[in-house]
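Notes follow once the structure below has been shown.
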Amino acid sequence: MCPPHGTETNQKAKGRVSIIPERCKGCGFCIQFCPRKILAFSRDFNSKGYHSPVIVDPEKCSGCNLCGLFCPDFAIHSVRTSPGQDSEMEEENETTEGREEE
């Protein structure tokens with residue numbers, strides 16, 4: 001059931017961003033087009049010599065996936081999460097990140 005018109009809810013869309021730094025060419029489209037401005041360039045270089053994005057404010061992510069839609073190298077994407085899903089996603093990403101590096 002939807003809340004009455006004019007009533008604000010405290011629930012905001014939540015999301016989670018995943019970045020594969022080695023795929024990034026440093027174009028900055030993800031940073032430029034993020035509506036919530038949660039991304040910035042990393043100070044570190046990837047193996048190709050580019051600055052990949054880093055997440056500076058993960059709590060603001062809505063999971064809209066504009067970052068992924070604009071990325072020409074498929075180096076980033078986001079997904080919407082439900083409140084209980086955040087901790088599950090963190091555990092899954094930790095195991096996935098280990099496989100990407102191998």
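Just so we're on the same page: first chain in the structure tokens is A, next is B, and so on; residues restart at 1 for each chain, and ligands are numbered from 1 in the order they show up.
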> What's the 10 Å shell around Lys48 (chain A), counting only C-alpha atoms, without same-chain residues fewer than 4 positions away, as a PyMOL selection string?
Replying inline: chain A and resi 21-26
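The shell of residues at most 7 Å from Val56 (chain A), with only C-alpha atoms counted and near chain neighbours (fewer than 4 positions) removed, consists of A:Ile38, A:Leu39, A:Ala40.
The space between CA of Ser78 (chain A) and CA of Ser47 (chain A) spans 23.2 Å.
Taking only C-alpha atoms into account, Ala75 (chain A) lies nearest to A:Cys30 out of the set A:Cys30, A:Gly15, A:Phe45, A:Asp57.
CA of Phe29 (chain A) is positioned 6.1 Å from CA of Phe70 (chain A).
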